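Student: Got a structure for you, written out below as structure tokens; questions coming shortly.
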Amino acid sequence: MSDGHVHGTVEPGFESVREEFATVVASEARDGGAQLAVHHHGRLVVDLWGGDGVHGDSLLGLYSSSKGAMALIAALLVQEGVLDLDREVASWWPEFAAEGKGRLTLRQLLAHRSGVIGADGGLSPDELADDRAVAARLAGQRPFWEPDTAHGYHALVIGALVGEVVLRATGRTIQELFEERVRAPYALDYYLGLPEELEPRFRTALPMLPTPAEQALLAENPIAPDSLMGIAFNFHADPPFDIVGYANSRTVRARAPISGGGVGSARGLSRMYAAIAGELDGRAPLLKPDTLAEVARIHSSGQDMVTGATNAFGLGFVPLATRHPVLSPLAVGHSGAPGSQAFADPATGLAYSYTRRRFAFAAGPGAAENDRLIPAVAAAAAAAASRNADLGRGGGRGREGDV
């Protein structure tokens, strides 16, 4: 496949997105490949892939994108009154009250404010693949700052913590609830627990290939294992966390630890967010307006104790307008370590998912190419909405074949 050569379809009016994606494939994402899927008011209007080694139906390790699935299940349970955001975590999970954590609420936990970002001595690879094992270790763990006095990214443990609350409240795991209530009903090509029969479609994650300048920056700014970032990413463990090997472990793919173990395609994640952004397959949006407004509302902002960056969190979801001003304040989603990004923007009916196989440099909040792709998508969607307002709701056929 030649540089800049992409495959797939776009609806008329979204040709500019295809052109922008072709530029991405020719530069940042050629080596390893990438996918881009966009729904607009429930229609799949962009379905593209390109680069070396990735097809439209390839399944990739999408890492922290699974935090978006976690946030969706938590929001559904809050919406139904099963969970109460302002109830203390320890009221469901008494063991968690140890070390001064007894007053922490579910709201504060979902907003990355608990201070329980890792375990003293680190977590083993087997533990990191097992949410119940992580929860058991963290129940008695001292927080690394006083709960609710600051926020910091709970990179590898937020899923186990929230998942334990969900399990204690419902008797079901987040993985089970996601399968029964979201993945299967909507036929999503995104899995919290990859069936073995789908393993041939999985493409292994590939490590970052930094430029000399990027390598120099990494060498100049090493992560100390005993720093808050080192602890949150389990670099203080023996052995330290292997981020690329994590998704490449069949055990992780099968068990799908909620903090980062999901596997899927861009089509799958875009379709999940389409079920949040508006009607899909004739069904009402999964989240009601008041629920959506609450989970999208910024609950933590400012300097992150773990990453040192200025960021913001809603409730489980990341509010995307803080980084991408073309989106509305209702836009919610989550990125994944290789540079993937996915979100729903109910104000415009947009659902977006960009995935890539090879890790990009400094891609935690989403690889840099999202800063070009998202405005292109938003502009095309706005133009389509304007046309529809003038001509009535209509649709075009996708343009198929190689471009």
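Every chain in the structure tokens takes a letter, A first, then B, and so on in the order presented; its residues are numbered from 1, and the ligands are numbered from 1 following the presented order.
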Just list as a list of chain:residue names whatever in segment 41-264 of chain A DSSP marks as strand (DSSP E).
Tutor: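 DSSP-assigned strand (DSSP E) residues in segment 41-264 of chain A: A:Arg43, A:Leu44, A:Val45, A:Val46, A:Asp47, A:Leu48, A:Trp49, A:Gly50, A:Leu59, A:Leu60, A:Gly61, A:Tyr190, A:Tyr191, A:Phe202, A:Arg203, A:Val263, A:Gly264.
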Student: Looking only at the backbone, which of the residues in segment 67-208 of chain A does DSSP tag as alpha helix (DSSP H), as a PyMOL selection string?
Tutor: chain A and resi 67-79+89-92+106-110+125-128+131-139+158-170+174-178+184-186
Student: Quick one: residues within 9 Å of Ala169 of chain A, only C-alpha atoms, excluding same-chain residues fewer than 5 positions away - as a VMD selection string?
Tutor: chain A and resid 82 to 83 92 to 93 164
Student: Tell me, as a list of chain:residue names, which residues lie within 7 Å of Arg267 of chain A, counting only C-alpha atoms; anything in the same chain fewer than 4 positions away does not count.
Tutor: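 With the cut-off at 7 Å, the set is A:Ala37, A:Asp189, A:Arg271.
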Student: Excluding Tyr273 of chain A and any residue of its chain fewer than 3 positions from it, enumerate the residues within 7 Å of it, using only C-alpha atoms, and give them as a list in words.
Tutor: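 Skipping anything fewer than 3 positions along the chain leaves Leu269, Ser270, Ile276, Ala277, Phe343, Ala344 and Ala351 of chain A.
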Student: If you keep C-alpha atoms, can you produce a file of those selected residues as a PDB file, in the first residue's frame?
Tutor:
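The resulting file, result_23.pdb, is shown below:
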ATOM      1  CA  LEU A 269     -16.151   2.603  19.149  1.00  0.00           C
ATOM      2  CA  SER A 270     -17.785   5.150  16.861  1.00  0.00           C
ATOM      3  CA  ILE A 276     -24.839   8.263  23.162  1.00  0.00           C
ATOM      4  CA  ALA A 277     -24.835  11.059  20.570  1.00  0.00           C
ATOM      5  CA  PHE A 343     -16.178  10.704  21.547  1.00  0.00           C
ATOM      6  CA  ALA A 344     -19.840  11.595  21.237  1.00  0.00           C
ATOM      7  CA  ALA A 351     -19.650  10.207  17.047  1.00  0.00           C
TER       8      ALA A 351
END
Student: Would you please work out which residue, of A:Ile223, A:Ser265, A:Gly302, A:Val157, is nearest to Tyr354 of chain A when using only C-alpha atoms?
Tutor: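 Looking only at the distances to Tyr354 of chain A, the closest residue turns out to be A:Ser265.
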Student: Name the residues in contact with Pro375 of chain A at a cut-off of 9 Å, using only C-alpha atoms, excluding same-chain residues fewer than 6 positions from it; report them as a ChimeraX atom specification.
Tutor: /A:324-327
Student: Taking N, CA, C and O atoms for each residue, export the selection above as an mmCIF file, in the first residue's frame.
Tutor:
data_model
loop_
_atom_site.group_PDB
_atom_site.id
_atom_site.type_symbol
_atom_site.label_atom_id
_atom_site.label_comp_id
_atom_site.auth_asym_id
_atom_site.auth_seq_id
_atom_site.Cartn_x
_atom_site.Cartn_y
_atom_site.Cartn_z
ATOM 1 N N HIS A 324 -10.562 20.377 22.256
ATOM 2 C CA HIS A 324 -11.007 20.593 20.874
ATOM 3 C C HIS A 324 -12.173 21.579 20.890
ATOM 4 O O HIS A 324 -13.333 21.175 20.995
ATOM 5 N N PRO A 325 -11.904 22.873 20.787
ATOM 6 C CA PRO A 325 -12.948 23.895 20.935
ATOM 7 C C PRO A 325 -14.042 23.819 19.874
ATOM 8 O O PRO A 325 -15.096 24.445 20.058
ATOM 9 N N VAL A 326 -13.831 23.079 18.780
ATOM 10 C CA VAL A 326 -14.887 22.948 17.773
ATOM 11 C C VAL A 326 -16.023 22.070 18.276
ATOM 12 O O VAL A 326 -17.100 22.030 17.665
ATOM 13 N N LEU A 327 -15.820 21.374 19.385
ATOM 14 C CA LEU A 327 -16.849 20.512 19.950
ATOM 15 C C LEU A 327 -17.634 21.257 21.018
ATOM 16 O O LEU A 327 -17.166 22.254 21.571
#
Student: Need the shell around Thr307 of chain A: protein/DNA/RNA residues with any atom at most 9 Å away, counting only C-alpha atoms. Skip same-chain ones fewer than 6 positions apart. Format as a PyMOL selection string?
Tutor: chain A and resi 152-153+228-229
Student: I'd like the interatomic distance between atom CA of Thr105 of chain A and atom CA of Ile73 of chain A, to a tenth of an Å.
Tutor: 17.2 Å
Student: Restrict the calculation to only C-alpha atoms, then for each residue of segment 53-83 of chain A with any atom at most 9 Å from an atom of segment 246-255 of chain A give the closest atom pair and their distance in Å to one decimal, rows by chain and rising residue number, as JSON lines.
Tutor:
{"residue": "A:Leu60", "atom": "CA", "partner": "A:Ala247", "partner_atom": "CA", "distance": 8.4}
{"residue": "A:Gly61", "atom": "CA", "partner": "A:Ala247", "partner_atom": "CA", "distance": 5.3}
{"residue": "A:Leu62", "atom": "CA", "partner": "A:Ala247", "partner_atom": "CA", "distance": 8.0}
{"residue": "A:Tyr63", "atom": "CA", "partner": "A:Ala247", "partner_atom": "CA", "distance": 7.1}
Student: Using only C-alpha atoms, can you tell me which of A:Ala337, A:Ala309, A:Leu128, A:Met272 comes closest to Ala237 of chain A?
Tutor: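 Nearest to Ala237 of chain A: A:Leu128.
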Student: Considering only C-alpha atoms, state which residue in the set A:Val6, A:Val306, A:Leu292, A:Leu59 is at the smallest distance from Leu198 of chain A.
Tutor: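 Ranking A:Val6, A:Val306, A:Leu292, A:Leu59 by distance to Leu198 of chain A, first place goes to A:Leu59.
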Student: Just checking: using only C-alpha atoms, which residue out of A:Val38, A:Leu72, A:Leu110, A:Ala266 ends up closest to Pro285 of chain A?
Tutor: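 The shortest atom-to-atom distance to Pro285 of chain A comes from A:Leu72.
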